[in-house]
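This report concerns only the one structure given below.
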Amino acid sequence: MSQEPQVIYLKDYTVPSYNIETTDLRFELFEEETLVKAELKISRNPECKATNPTLDLFGHEDLELCRLTIDGQVLSASDYQRDGEILKIGNLPESFVLQSVTRIHPETNTALEGLYKSDGMYCTQCEAEGFRRITFFPDRPDVMSIYRTTVEAEQSKYPVLLSNGNPVDRGESEDGRHWVTWEDPFPKPSYLFALVAGDLQHIEDSFTTMSGREVRLMIYAEEKDLDKLDYAMLSLKNAMKWDEETYGREYDLDIYMIVAVDFFNMGAMENKGLNIFNTSCVLANPKTTTDASFQRVEGVVAHEYFHNWSGNRVTCRDWFQLSLKEGFTVFRDAGFSSDMNSRTVKRVEDVAVLRTAQFAEDAGPMSHPIRPDSFIEISNFYTLTIYEKGAEVVGMVKTLLGEELFRKGSDLYFERHDGQAVTTEDFVQAMEDASGKDLSQFRAWYHQAGTPELNVSDSFDEANGTYQLNVKQRCPATPGQDKKTPFHIPLAMGLLDTAGNEIQLSNGETTQVLDVVESEQTFTFSGLSAKPVPSLLRGFSAPVKLFYPYTRDELMFLMANDSDGFSRWDAAQKLAVDIMQELIAAYQPDTAMQLDQRLITAYRSVLETEGLDKAMVSKVLTLPSEAYLSELADVVDVDAIHHVRKFVRQQIAEQLEDQLLKIYRENDLEVEYSPDADSIARRSLKNLCLAYLISLDKEEYLQLAQSQYNKADNMTDMQAALALVAHSPFADEAETMLTEFYENWKEESLVVNLWLSIQSCDPKAGALSRVEKLMQHPAFDSKNPNKLRSVISVFCMQNSINFHAMDGSGYRFLADRIIELNKQNPQIASRMLTPLTRWKKYSPERQSLMKAQLNRISQSGELSKDVYEVVSKSLA
């Protein structure tokens, strides 16, 4: 930036001066330019008390204004002020019609915001502030308008022309061009605008709503990808049915469309009636798609559909309220995925992300509440805090209110605010009004940043048969918030007797939710004959760090007896973490390590117990990741963490080899692929066993992996085998498989992304040179975010031992990429900065190297707002 960017504060919010009643847009798409003609019917906002206010329109600095009129009268440059992105017009009547013509260049738009062109297709991404790259408009979420959009283009190249709402008119001209007009009857903010023009095909289905209306469902993609759309369609129909049954929400338009786009900064976008998706979130076929990607497609399709109410019909007043729609919708899509699959496994997966990545975000320089007080660039706040922690906060509301009252509160929220742009306070108020519960203290979750910590101790009075839990809460200081008031934390817990039986608690159940509302509290349980073992934070009832001095024997006891599936997994993680942290603290490269045999005993018991849920067995037997161990460390010892985890994995494989091989063979079935929960669980457990076995570096297990690769009829098993061989010491076999895989799948972009990722996260020495070589490969495209993520992000985020090389080469590599991407695609650049922002977690030597690269980025020239904000906060 030529000057320090402006900080935007929530406290400075004012209502818009003018309302936009209708917005009529006409896009004339040409190969070297696009003309955008806009007609806005505008009136004074009666809520604005300013005298003779100006009309503030936003338009990107590259936007070329060709013509501007008010009520037919052409304005000259002296009739308005244009300063940066803001165009101001004064001395306006109470109501008027503003017409403008702008010229834009989608064909050179590498930022992938606004209207851009890639792979011969035009598409838009307007959230958060992309619409200002299209035309001059009061581009803020509380300005809602009814849109009518006409798209005109050359018919032979762009036979499909789409926008929001329902198609109402179309036609052709003698010069080979054609046009389609769309009308969206529901007022929406500009960030929900969408346009697509291209040579696309589609599949079609229908859904009958609970009131008997038939909705036409259409999913568009390139012709070669039509065989990958059926699962997304099934997921969409399941989501529509689920939302009616669970939340009483019915779809409101005659048509619902999804378009698959390969060049896309985000996962997907909920534009009203026309959802634009990254191909990775909509295309699914057993031959090209892994189980994890099938589940991602199901979850993202549901997420964007659920936004129709939690985001579109009820939207955000301003961008500080982003979690109002995103956190609530993540909570809704998690409920859907849980009902479609395994609730416990879904919970485990979500918590793993929270503990590894969101907690790290809370502890880093970009830490912010789920309702921030300020920002420089809103794109930097599409974070795990907003989405995942925001969902946890909604989940805690449900826990505190109960199922019935929470549904009553959501009904009131949707009914009260339909068609409005509102705040997080409006959501909490609706929950309070519907339930009669006081959520005053709970509101701290919205405006306080950081991860609360619960320190729990206990005592047992044998004479009185009373057991006490003492709970202390604190929240570490975060940027701008040194002191925190106590949170209202719902702590779900249970007690187990010495035989492993659940003890009935005062509420008549075996699980009770304790209201932790003070800095220190004591909870008493009576009528006990012996000291119980506590099962704490069941279901991960709050996004907190909980500390209780479990012995390793107690953790094994909980693994074997706890009725709460999440808590059994959590006990396994705690046991492994405790043992590995001890090894990490004592790690010396030339000193032999000894593994506590209790971990082997616990894992053997899980493997040999008949009838356990295979999905949970797979989760329980998965060691804590290097990323999670790093998050738990005060100072990250990269080398120790990597080598200790590798040692523990090999010890498990050596000592449980027979059991692992037996489980592998029992689950290696030649059956038709299905993405159902049981089949996914079977493949997950099988491939986990294979991963342990191949770590033994034995020829027989190399052959087992090769056999699985060769006979696989699905990408899950093929990719798992390929990755294991590629990361093994069997270099020649790995090279042969990687070459063959690419030749077989080079026409499938998403499969090529897997191929790139497998090589980028290979922990063997020489990883950086392999990554740099990949960036010269024809399969790599530096303008495609999916390719950038598959190579650069994977290397920097998932290949810790090589990224954190002591010569600083990994840090220099990432800084070079950030400097390049800063000009090309600022959103992607700022998101890729994350590994460098956590420099304070490392040793002084690594801190110095990482900080030097942040300084180099800071001094590299004119930074985008996106990159400037992250770098400046990281160096503060």
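Naming works like this for the structure tokens: A, B, ... for the chains as they're shown, residue 1 at the start of each chain, ligands 1 onward in shown order.
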Env of Glu670 in chain A: 10 Å cut, atoms = only C-alpha atoms, seq-sep filter 2 positions within chain, self excluded. Answer as a compact mmCIF listing (two decimals) with N, CA and C atoms, in the first residue's frame.
```txt
# COMPACT_ATOMS: atom_id res chain seq x y z
N ASN A 667 -10.69 -56.48 6.56
CA ASN A 667 -11.39 -55.33 5.99
C ASN A 667 -11.03 -55.08 4.53
N ASP A 668 -10.15 -55.90 3.98
CA ASP A 668 -9.76 -55.75 2.58
C ASP A 668 -10.71 -56.59 1.71
N GLU A 672 -18.38 -53.70 -4.06
CA GLU A 672 -18.63 -52.48 -4.83
C GLU A 672 -18.51 -51.26 -3.92
N TYR A 673 -17.88 -50.22 -4.44
CA TYR A 673 -17.65 -49.01 -3.65
C TYR A 673 -18.98 -48.36 -3.25
N LYS A 711 -5.11 -53.16 -7.56
CA LYS A 711 -6.46 -53.73 -7.66
C LYS A 711 -7.56 -52.75 -7.26
N ALA A 712 -7.18 -51.57 -6.76
CA ALA A 712 -8.18 -50.63 -6.25
C ALA A 712 -9.15 -50.19 -7.34
N ASP A 713 -10.44 -50.20 -7.00
CA ASP A 713 -11.46 -49.69 -7.91
C ASP A 713 -11.97 -48.34 -7.44
```
What's around Ala302 in chain A at 7 Å? Count only C-alpha atoms, leave out sequence neighbours fewer than 3 positions away in its own chain, and write the answer as a PyMOL selection string. chain A and resi 235-236+239+298-299+305-306+333
Can you list, as number ranges by chain, all residues belonging to range 279-371 of chain A that DSSP tags as helix (DSSP H, G or I)? A: 279-281, 291-306, 319-340, 343-362
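Considering the residues A:Leu774, A:Ala721, A:Val345, A:Glu392 and counting only C-alpha atoms, Tyr709 in chain A has its shortest atom-to-atom contact with A:Ala721.
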Please provide as number ranges by chain all residues within 8 Å of Ser367 in chain A, with the sequence filter that same-chain residues fewer than 3 positions apart are discarded (counting only C-alpha atoms). A: 361-364, 449-450, 478-479
Give me, as an NGL selection string, all polymer residues having an atom no more than 6 Å from Val471 in chain A, counting only C-alpha atoms and skipping those fewer than 5 positions away in the same chain. :A and (455-456 or 520-521)
Write out as a PyMOL selection string the residues lying within 12 Å of range 127-130 of chain A, counting only C-alpha atoms and excluding same-chain residues fewer than 6 positions away. chain A and resi 58-60+63+85+109+111-116+136-141+189-194+265-266+268-271+276+311+316+318-320+322+377-382+827
Gly267 in chain A surroundings by only C-alpha atoms, 7 Å radius, close-in-sequence under 6 positions cut, as a ChimeraX atom specification: /A:277-278,281
Counting only C-alpha atoms, figure out which residue out of A:Leu234, A:Val348, A:Val97, A:Ile86 gets nearest to Lys619 in chain A. A:Val348
Nearest to Asp24 in chain A: which of A:Ser630, A:Thr150, A:Ser342, A:Thr209 is it, counting only C-alpha atoms? A:Thr150
Pick out the residues sitting within 7 Å of Ile857 in chain A, and hand them over as a PyMOL selection string; count only C-alpha atoms, and ignore anything fewer than 4 positions along from it in its own chain. chain A and resi 815+819+853
Just to be explicit: take each residue in the selection above, keep N, CA and C atoms, and write the result as a CSV table (one decimal), in the first residue's frame.
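Saved as selection32.csv:
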```csv
chain,number,residue,atom,x,y,z
A,815,ALA,N,8.2,-17.0,1.8
A,815,ALA,CA,8.2,-15.5,1.7
A,815,ALA,C,8.2,-15.1,0.2
A,819,ILE,N,5.3,-12.8,-1.7
A,819,ILE,CA,5.6,-11.6,-2.4
A,819,ILE,C,5.0,-11.6,-3.8
A,853,GLN,N,12.0,-13.2,7.5
A,853,GLN,CA,11.2,-13.3,6.3
A,853,GLN,C,9.9,-12.5,6.4
```
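Closest approach to Arg371 in chain A among A:Leu10, A:Ser17, A:Val635, A:Phe525 is made by A:Leu10 (distances from only C-alpha atoms).
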Give the answer as one residue: which of A:Asp458, A:Asp637, A:Glu94, A:Asp426 has the shortest atom-to-atom distance to Tyr550 in chain A, using only C-alpha atoms?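 Among A:Asp458, A:Asp637, A:Glu94, A:Asp426, it is A:Asp458 that comes nearest to Tyr550 in chain A.
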I'd like to know which residues of range 143-331 of chain A are strand (DSSP E) (by DSSP, run on the backbone); could you write them as an MDAnalysis selection string? chainID A and resid 144:154 160:163 166:172 177:189 195:198 201:208 214:221 255:261 268:269 274:278 314:316
